[in-house]
Every structure is written in C-alpha cells, then in structure tokens.
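Source file: protein38.pdb. Holds: PDB, C-alpha atoms.
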ATOM      1  CA  MET Q   1       0.000   0.000   0.000  1.00  0.00           C
ATOM      2  CA  LYS Q   2       2.793   2.449   0.836  1.00  0.00           C
ATOM      3  CA  LEU Q   3       4.361   2.164  -2.615  1.00  0.00           C
ATOM      4  CA  SER Q   4       1.079   2.788  -4.405  1.00  0.00           C
ATOM      5  CA  VAL Q   5       0.430   5.844  -2.221  1.00  0.00           C
ATOM      6  CA  ALA Q   6       3.978   7.064  -2.826  1.00  0.00           C
ATOM      7  CA  LEU Q   7       3.600   6.649  -6.600  1.00  0.00           C
ATOM      8  CA  LYS Q   8       0.254   8.454  -6.598  1.00  0.00           C
ATOM      9  CA  ALA Q   9       1.744  11.251  -4.532  1.00  0.00           C
ATOM     10  CA  PHE Q  10       4.816  11.411  -6.785  1.00  0.00           C
ATOM     11  CA  TRP Q  11       2.732  11.708  -9.960  1.00  0.00           C
ATOM     12  CA  GLY Q  12       0.358  14.129  -8.240  1.00  0.00           C
ATOM     13  CA  VAL Q  13       3.317  16.339  -7.396  1.00  0.00           C
ATOM     14  CA  ILE Q  14       4.573  16.089 -10.984  1.00  0.00           C
ATOM     15  CA  THR Q  15       1.275  17.025 -12.599  1.00  0.00           C
ATOM     16  CA  ASP Q  16      -0.335  19.401 -10.081  1.00  0.00           C
ATOM     17  CA  SER Q  17       1.753  22.208  -8.582  1.00  0.00           C
ATOM     18  CA  SER Q  18      -0.817  23.068  -5.896  1.00  0.00           C
ATOM     19  CA  PHE Q  19      -0.833  19.429  -4.758  1.00  0.00           C
ATOM     20  CA  GLY Q  20       2.976  19.522  -4.765  1.00  0.00           C
ATOM     21  CA  ASN Q  21       2.954  22.623  -2.580  1.00  0.00           C
ATOM     22  CA  GLN Q  22       0.629  20.864  -0.132  1.00  0.00           C
ATOM     23  CA  VAL Q  23       2.988  17.861   0.001  1.00  0.00           C
ATOM     24  CA  VAL Q  24       5.981  20.123   0.662  1.00  0.00           C
ATOM     25  CA  LYS Q  25       4.049  21.847   3.481  1.00  0.00           C
ATOM     26  CA  ILE Q  26       3.113  18.509   5.039  1.00  0.00           C
ATOM     27  CA  MET Q  27       6.724  17.340   4.841  1.00  0.00           C
ATOM     28  CA  GLN Q  28       7.997  20.535   6.448  1.00  0.00           C
ATOM     29  CA  ASP Q  29       5.414  20.411   9.237  1.00  0.00           C
ATOM     30  CA  SER Q  30       5.861  16.746  10.162  1.00  0.00           C
ATOM     31  CA  PRO Q  31       8.988  15.554  11.981  1.00  0.00           C
ATOM     32  CA  GLN Q  32      11.196  13.171  10.037  1.00  0.00           C
ATOM     33  CA  THR Q  33      11.114   9.690  11.497  1.00  0.00           C
ATOM     34  CA  PRO Q  34      14.043   7.405  10.821  1.00  0.00           C
ATOM     35  CA  HIS Q  35      13.417   4.326   8.728  1.00  0.00           C
ATOM     36  CA  ARG Q  36      13.141   1.263  10.928  1.00  0.00           C
ATOM     37  CA  PRO Q  37      14.277  -2.090   9.520  1.00  0.00           C
ATOM     38  CA  VAL Q  38      11.661  -4.834   9.123  1.00  0.00           C
ATOM     39  CA  GLU Q  39      11.990  -7.228  12.028  1.00  0.00           C
ATOM     40  CA  LYS Q  40      12.361 -10.931  11.286  1.00  0.00           C
ATOM     41  CA  SER Q  41       9.481 -13.146  12.312  1.00  0.00           C
ATOM     42  CA  ASP Q  42      11.868 -15.943  13.384  1.00  0.00           C
ATOM     43  CA  GLU Q  43      12.359 -15.337  17.125  1.00  0.00           C
ATOM     44  CA  SER Q  44      15.311 -17.776  17.359  1.00  0.00           C
ATOM     45  CA  GLU Q  45      17.636 -15.294  15.663  1.00  0.00           C
ATOM     46  CA  PRO Q  46      18.335 -12.072  17.585  1.00  0.00           C
ATOM     47  CA  THR Q  47      17.296  -8.947  15.722  1.00  0.00           C
ATOM     48  CA  GLN Q  48      20.232  -6.697  14.930  1.00  0.00           C
ATOM     49  CA  HIS Q  49      19.414  -3.039  15.563  1.00  0.00           C
ATOM     50  CA  THR Q  50      21.530  -0.723  13.426  1.00  0.00           C
ATOM     51  CA  GLU Q  51      20.463   2.533  15.084  1.00  0.00           C
ATOM     52  CA  SER Q  52      23.180   2.268  17.738  1.00  0.00           C
ATOM     53  CA  ARG Q  53      26.104   1.729  15.361  1.00  0.00           C
ATOM     54  CA  VAL Q  54      27.830   4.567  13.560  1.00  0.00           C
ATOM     55  CA  SER Q  55      29.652   3.765  10.345  1.00  0.00           C
ATOM     56  CA  ASP Q  56      31.869   5.707   8.003  1.00  0.00           C
ATOM     57  CA  ARG Q  57      29.181   7.325   5.881  1.00  0.00           C
ATOM     58  CA  SER Q  58      30.305  10.386   4.003  1.00  0.00           C
ATOM     59  CA  PRO Q  59      28.512  13.661   4.786  1.00  0.00           C
ATOM     60  CA  ALA Q  60      28.152  14.033   1.007  1.00  0.00           C
ATOM     61  CA  ILE Q  61      26.165  10.792   0.839  1.00  0.00           C
ATOM     62  CA  GLU Q  62      24.064  11.896   3.829  1.00  0.00           C
ATOM     63  CA  LEU Q  63      23.316  15.192   2.056  1.00  0.00           C
ATOM     64  CA  LEU Q  64      22.325  13.383  -1.138  1.00  0.00           C
ATOM     65  CA  ALA Q  65      20.116  11.040   0.906  1.00  0.00           C
ATOM     66  CA  ALA Q  66      18.469  14.056   2.588  1.00  0.00           C
ATOM     67  CA  LEU Q  67      17.797  15.683  -0.800  1.00  0.00           C
ATOM     68  CA  GLN Q  68      16.294  12.414  -2.016  1.00  0.00           C
ATOM     69  CA  ARG Q  69      14.181  11.953   1.127  1.00  0.00           C
ATOM     70  CA  ASP Q  70      12.930  15.562   1.246  1.00  0.00           C
ATOM     71  CA  ALA Q  71      12.729  16.464  -2.446  1.00  0.00           C
ATOM     72  CA  ARG Q  72      13.012  13.231  -4.464  1.00  0.00           C
ATOM     73  CA  PHE Q  73      16.077  14.881  -6.035  1.00  0.00           C
ATOM     74  CA  VAL Q  74      17.745  11.667  -7.246  1.00  0.00           C
ATOM     75  CA  ASP Q  75      14.434  10.397  -8.665  1.00  0.00           C
ATOM     76  CA  PHE Q  76      14.063  13.636 -10.614  1.00  0.00           C
ATOM     77  CA  ILE Q  77      17.647  13.666 -11.916  1.00  0.00           C
ATOM     78  CA  LYS Q  78      17.592   9.979 -12.895  1.00  0.00           C
ATOM     79  CA  GLU Q  79      14.161  10.215 -14.575  1.00  0.00           C
ATOM     80  CA  ASP Q  80      14.133  10.079 -18.383  1.00  0.00           C
ATOM     81  CA  LEU Q  81      12.350  13.333 -19.241  1.00  0.00           C
ATOM     82  CA  THR Q  82      12.051  12.815 -22.995  1.00  0.00           C
ATOM     83  CA  ALA Q  83       8.435  11.633 -22.702  1.00  0.00           C
ATOM     84  CA  TYR Q  84       7.302  14.763 -20.830  1.00  0.00           C
ATOM     85  CA  GLY Q  85       6.485  18.220 -22.100  1.00  0.00           C
ATOM     86  CA  ASP Q  86       8.205  21.377 -20.907  1.00  0.00           C
ATOM     87  CA  ALA Q  87       5.176  22.388 -18.811  1.00  0.00           C
ATOM     88  CA  GLU Q  88       5.146  19.037 -16.973  1.00  0.00           C
ATOM     89  CA  ILE Q  89       8.897  19.187 -16.377  1.00  0.00           C
ATOM     90  CA  GLY Q  90       8.620  22.790 -15.222  1.00  0.00           C
ATOM     91  CA  ALA Q  91       5.921  21.934 -12.685  1.00  0.00           C
ATOM     92  CA  VAL Q  92       8.014  19.100 -11.260  1.00  0.00           C
ATOM     93  CA  ALA Q  93      11.206  21.144 -11.354  1.00  0.00           C
ATOM     94  CA  ARG Q  94       9.555  23.910  -9.340  1.00  0.00           C
ATOM     95  CA  ASN Q  95       8.517  21.454  -6.608  1.00  0.00           C
ATOM     96  CA  VAL Q  96      11.921  19.741  -6.542  1.00  0.00           C
ATOM     97  CA  HIS Q  97      13.618  23.162  -6.517  1.00  0.00           C
ATOM     98  CA  ASP Q  98      11.514  24.412  -3.608  1.00  0.00           C
ATOM     99  CA  ALA Q  99      12.020  21.231  -1.560  1.00  0.00           C
ATOM    100  CA  CYS Q 100      15.795  21.196  -2.267  1.00  0.00           C
ATOM    101  CA  ALA Q 101      16.035  24.869  -1.291  1.00  0.00           C
ATOM    102  CA  ALA Q 102      14.219  24.165   1.980  1.00  0.00           C
ATOM    103  CA  THR Q 103      16.534  21.236   2.739  1.00  0.00           C
ATOM    104  CA  LEU Q 104      19.690  23.246   2.014  1.00  0.00           C
ATOM    105  CA  GLU Q 105      18.411  26.138   4.133  1.00  0.00           C
ATOM    106  CA  ARG Q 106      17.608  23.789   7.031  1.00  0.00           C
ATOM    107  CA  LEU Q 107      20.992  22.063   6.896  1.00  0.00           C
ATOM    108  CA  PHE Q 108      23.308  24.952   5.923  1.00  0.00           C
ATOM    109  CA  GLU Q 109      21.658  28.405   6.083  1.00  0.00           C
ATOM    110  CA  ILE Q 110      23.289  29.430   2.796  1.00  0.00           C
ATOM    111  CA  ARG Q 111      23.978  33.150   2.336  1.00  0.00           C
ATOM    112  CA  HIS Q 112      25.975  35.331  -0.075  1.00  0.00           C
ATOM    113  CA  VAL Q 113      29.680  35.805   0.722  1.00  0.00           C
ATOM    114  CA  SER Q 114      29.571  39.420  -0.440  1.00  0.00           C
ATOM    115  CA  GLU Q 115      27.015  41.993   0.656  1.00  0.00           C
ATOM    116  CA  VAL Q 116      27.713  43.844  -2.606  1.00  0.00           C
ATOM    117  CA  ALA Q 117      25.069  43.032  -5.219  1.00  0.00           C
ATOM    118  CA  GLU Q 118      25.918  41.412  -8.525  1.00  0.00           C
ATOM    119  CA  GLY Q 119      26.636  44.089 -11.130  1.00  0.00           C
ATOM    120  CA  ASP Q 120      27.805  46.647  -8.543  1.00  0.00           C
ATOM    121  CA  LYS Q 121      31.346  48.006  -8.268  1.00  0.00           C
ATOM    122  CA  ILE Q 122      33.565  46.821  -5.424  1.00  0.00           C
ATOM    123  CA  THR Q 123      36.933  47.990  -4.096  1.00  0.00           C
ATOM    124  CA  LEU Q 124      38.991  45.666  -1.897  1.00  0.00           C
ATOM    125  CA  PRO Q 125      42.586  45.444  -0.708  1.00  0.00           C
ATOM    126  CA  ALA Q 126      44.649  43.172  -2.966  1.00  0.00           C
ATOM    127  CA  GLU Q 127      45.547  40.952   0.003  1.00  0.00           C
ATOM    128  CA  THR Q 128      41.841  40.272   0.601  1.00  0.00           C
ATOM    129  CA  VAL Q 129      41.120  39.067  -2.937  1.00  0.00           C
ATOM    130  CA  ARG Q 130      44.128  36.732  -2.835  1.00  0.00           C
ATOM    131  CA  ASN Q 131      41.984  34.488  -0.628  1.00  0.00           C
ATOM    132  CA  GLU Q 132      40.987  32.102  -3.440  1.00  0.00           C
ATOM    133  CA  ALA Q 133      38.381  30.366  -1.287  1.00  0.00           C
ATOM    134  CA  ARG Q 134      36.349  33.600  -1.153  1.00  0.00           C
ATOM    135  CA  TYR Q 135      37.348  35.515  -4.289  1.00  0.00           C
ATOM    136  CA  ARG Q 136      37.958  34.652  -7.932  1.00  0.00           C
ATOM    137  CA  VAL Q 137      39.466  37.581  -9.795  1.00  0.00           C
ATOM    138  CA  SER Q 138      39.498  37.658 -13.606  1.00  0.00           C
ATOM    139  CA  GLN Q 139      43.079  38.988 -13.804  1.00  0.00           C
ATOM    140  CA  VAL Q 140      46.284  38.789 -11.799  1.00  0.00           C
ATOM    141  CA  VAL Q 141      46.267  41.492  -9.115  1.00  0.00           C
ATOM    142  CA  ARG Q 142      49.416  43.636  -8.974  1.00  0.00           C
ATOM    143  CA  ASP Q 143      48.060  46.828  -7.350  1.00  0.00           C
ATOM    144  CA  GLU Q 144      47.428  47.419  -3.656  1.00  0.00           C
ATOM    145  CA  LYS Q 145      43.680  47.508  -4.194  1.00  0.00           C
ATOM    146  CA  VAL Q 146      41.294  45.889  -6.626  1.00  0.00           C
ATOM    147  CA  VAL Q 147      38.417  47.741  -8.256  1.00  0.00           C
ATOM    148  CA  GLY Q 148      35.990  45.614 -10.220  1.00  0.00           C
ATOM    149  CA  THR Q 149      32.407  44.537 -10.810  1.00  0.00           C
ATOM    150  CA  VAL Q 150      30.825  41.730  -8.801  1.00  0.00           C
ATOM    151  CA  VAL Q 151      29.802  39.051 -11.295  1.00  0.00           C
ATOM    152  CA  HIS Q 152      28.675  36.542  -8.643  1.00  0.00           C
ATOM    153  CA  ALA Q 153      28.223  37.274  -4.929  1.00  0.00           C
ATOM    154  CA  GLY Q 154      29.420  33.797  -3.869  1.00  0.00           C
ATOM    155  CA  TRP Q 155      27.838  31.451  -1.349  1.00  0.00           C
ATOM    156  CA  ILE Q 156      28.744  30.549   2.215  1.00  0.00           C
ATOM    157  CA  ALA Q 157      27.151  28.090   4.632  1.00  0.00           C
ATOM    158  CA  LYS Q 158      26.431  29.758   7.972  1.00  0.00           C
ATOM    159  CA  LYS Q 159      26.065  26.351   9.625  1.00  0.00           C
ATOM    160  CA  GLU Q 160      26.484  22.669   8.864  1.00  0.00           C
ATOM    161  CA  SER Q 161      23.963  20.326  10.398  1.00  0.00           C
ATOM    162  CA  VAL Q 162      23.939  17.255   8.187  1.00  0.00           C
ATOM    163  CA  PRO Q 163      22.477  14.536  10.395  1.00  0.00           C
ATOM    164  CA  GLN Q 164      24.792  11.754  11.521  1.00  0.00           C
ATOM    165  CA  TRP Q 165      23.761   8.508   9.897  1.00  0.00           C
ATOM    166  CA  ARG Q 166      23.717   5.317  11.925  1.00  0.00           C
ATOM    167  CA  GLY Q 167      23.811   1.969  10.234  1.00  0.00           C
ATOM    168  CA  ALA Q 168      25.816  -0.934   8.984  1.00  0.00           C
ATOM    169  CA  PRO Q 169      29.013  -0.172   7.041  1.00  0.00           C
ATOM    170  CA  GLU Q 170      27.780  -2.196   4.065  1.00  0.00           C
ATOM    171  CA  ASP Q 171      24.781   0.164   3.787  1.00  0.00           C
ATOM    172  CA  ALA Q 172      26.761   3.405   3.952  1.00  0.00           C
ATOM    173  CA  LEU Q 173      26.209   4.186   0.256  1.00  0.00           C
ATOM    174  CA  VAL Q 174      22.446   3.530   0.223  1.00  0.00           C
ATOM    175  CA  LEU Q 175      20.679   6.809  -0.615  1.00  0.00           C
ATOM    176  CA  ALA Q 176      17.127   5.512  -0.206  1.00  0.00           C
ATOM    177  CA  PRO Q 177      15.835   2.101   0.819  1.00  0.00           C
ATOM    178  CA  VAL Q 178      13.874  -0.145  -1.494  1.00  0.00           C
ATOM    179  CA  GLU Q 179      10.188   0.432  -0.808  1.00  0.00           C
ATOM    180  CA  ILE Q 180       8.015  -2.691  -0.773  1.00  0.00           C
ATOM    181  CA  ASP Q 181       4.249  -2.698  -0.700  1.00  0.00           C
ATOM    182  CA  VAL Q 182       2.891  -5.681   1.278  1.00  0.00           C
TER
END
Would you put the structure from the file into structure tokens?
Amino acid sequence: MKLSVALKAFWGVITDSSFGNQVVKIMQDSPQTPHRPVEKSDESEPTQHTESRVSDRSPAIELLAALQRDARFVDFIKEDLTAYGDAEIGAVARNVHDACAATLERLFEIRHVSEVAEGDKITLPAETVRNEARYRVSQVVRDEKVVGTVVHAGWIAKKESVPQWRGAPEDALVLAPVEIDV
C-alpha cells in the first residue's frame, strides 16, 4: 500500500503544482522519522538493531540522501524526461527546486559571501582578494587595491547540520531504501 500511495503522490506532485505545494508543506510540518528495519518473524535469531552503530558514511552521501528523502532529487535527476512536455517538467522542477532549497536552508543556512550586489562596483585590498576560497578575480592582481564589478556574490554556509547517519558499514552508500508494498 505504501508504494502505491507514494507513486500516486509522486505523480500528483509532478502534474499538479498546488498538490505539490501541499505535500511540501506537510513534509515541512511533520517531523522526520528514521526508517526502521523490518523485524524478522523468526524469534530464534536475535534482531540486529543498526540505530546504535555509527559507520563511516560520508557527509556528502548523507546530504544526497536528505535531498532524495525531502525532495526526491535523485528520482528527478535519474528520470528520463524525454516523454514529458516542458510544462510538466517545469511543474516538477519547481517542486523539486523548492524542496531542495528548503533542505539546504535547514541544513546549511546558505547566504551570499559578499554583501555587494551582482553588477555593482567593489573595491577591496589586494591581500583580501588573494583568498581564493572567497574571491575569484578575472586577472592577476598587482596593485594594492582591486576595483571591479561583482559578477557573482558567492555562497557561504552559515552552519552545517547534516544529520549523523547510523547503520551498517555495508549500507553506507544507500541513498534511499527499497520500498516494498505488502
């Protein structure tokens, strides 16, 4: 039953933007519950609980899993879009975009590096713009100060709160579990 509901919801989100907005609201309002493994019916074998073990799962994989869980990002990217029209793709893209943006904001609080707007002039000491993590300058700087136009205001994460994943090492690369309707 869960798979059929998920598929109906997925296609509803794809074809109806107002339905998609309602789904995003529901997902934002309800707390995320961790996936619990199906317990074996054979009582002779002890059930192994993976919640207490921490494995070496990359934060990048955890982020991708969060984008999949919250926004169906991987489903959207892996979907063959050739059978859909631009309007259908646009409706889905808007929902995926909004859900991805909400996830990134929740996990990272992403802001611009520069307070100067794109297209505006900026003057900075040459030593400042030599910080290649924060500034990319179109030419080699030889003067004591740099005067130029901001082409892109950059991005910085004000926090990092990717959840710590707990599970078996052999499952560390799983982005989303297989969903089975029984």
Output of the PyMOL selection byres ((chain Q and resi 112-117) around 8), listed as an NGL selection string: :Q and (110-111 or 118-122 or 134 or 150 or 153-156)
Residues returned when the PyMOL selection byres ((chain Q and resi 56) around 10) runs on this file, as a PyMOL selection string: chain Q and resi 54-55+57-59+164-173
Stretch 146-148 of chain Q surroundings by only C-alpha atoms, 8 Å radius, close-in-sequence under 5 positions cut, as a PyMOL selection string: chain Q and resi 121-126+129+141
Neighbours of point (12.6, 9.7, -4.4) within 10 Å, using all atoms listed in the file, written as a PyMOL selection string: chain Q and resi 6-7+10+65+67-78+175-177
Can I get the selected residues back with C-alpha atoms, as a short mmCIF file (atom, residue, chain, number, x, y, z; two decimals), keeping the file's coordinate frame?
data_model
loop_
_atom_site.label_atom_id
_atom_site.label_comp_id
_atom_site.auth_asym_id
_atom_site.auth_seq_id
_atom_site.Cartn_x
_atom_site.Cartn_y
_atom_site.Cartn_z
CA ALA Q 6 3.98 7.06 -2.83
CA LEU Q 7 3.60 6.65 -6.60
CA PHE Q 10 4.82 11.41 -6.78
CA ALA Q 65 20.12 11.04 0.91
CA LEU Q 67 17.80 15.68 -0.80
CA GLN Q 68 16.29 12.41 -2.02
CA ARG Q 69 14.18 11.95 1.13
CA ASP Q 70 12.93 15.56 1.25
CA ALA Q 71 12.73 16.46 -2.45
CA ARG Q 72 13.01 13.23 -4.46
CA PHE Q 73 16.08 14.88 -6.04
CA VAL Q 74 17.74 11.67 -7.25
CA ASP Q 75 14.43 10.40 -8.66
CA PHE Q 76 14.06 13.64 -10.61
CA ILE Q 77 17.65 13.67 -11.92
CA LYS Q 78 17.59 9.98 -12.90
CA LEU Q 175 20.68 6.81 -0.62
CA ALA Q 176 17.13 5.51 -0.21
CA PRO Q 177 15.84 2.10 0.82
#
Distance in Å - atom CA of Q:Ala93 versus atom CA of Q:Leu107: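 Value for the atom CA of Q:Ala93-atom CA of Q:Leu107 distance: 20.7 Å.
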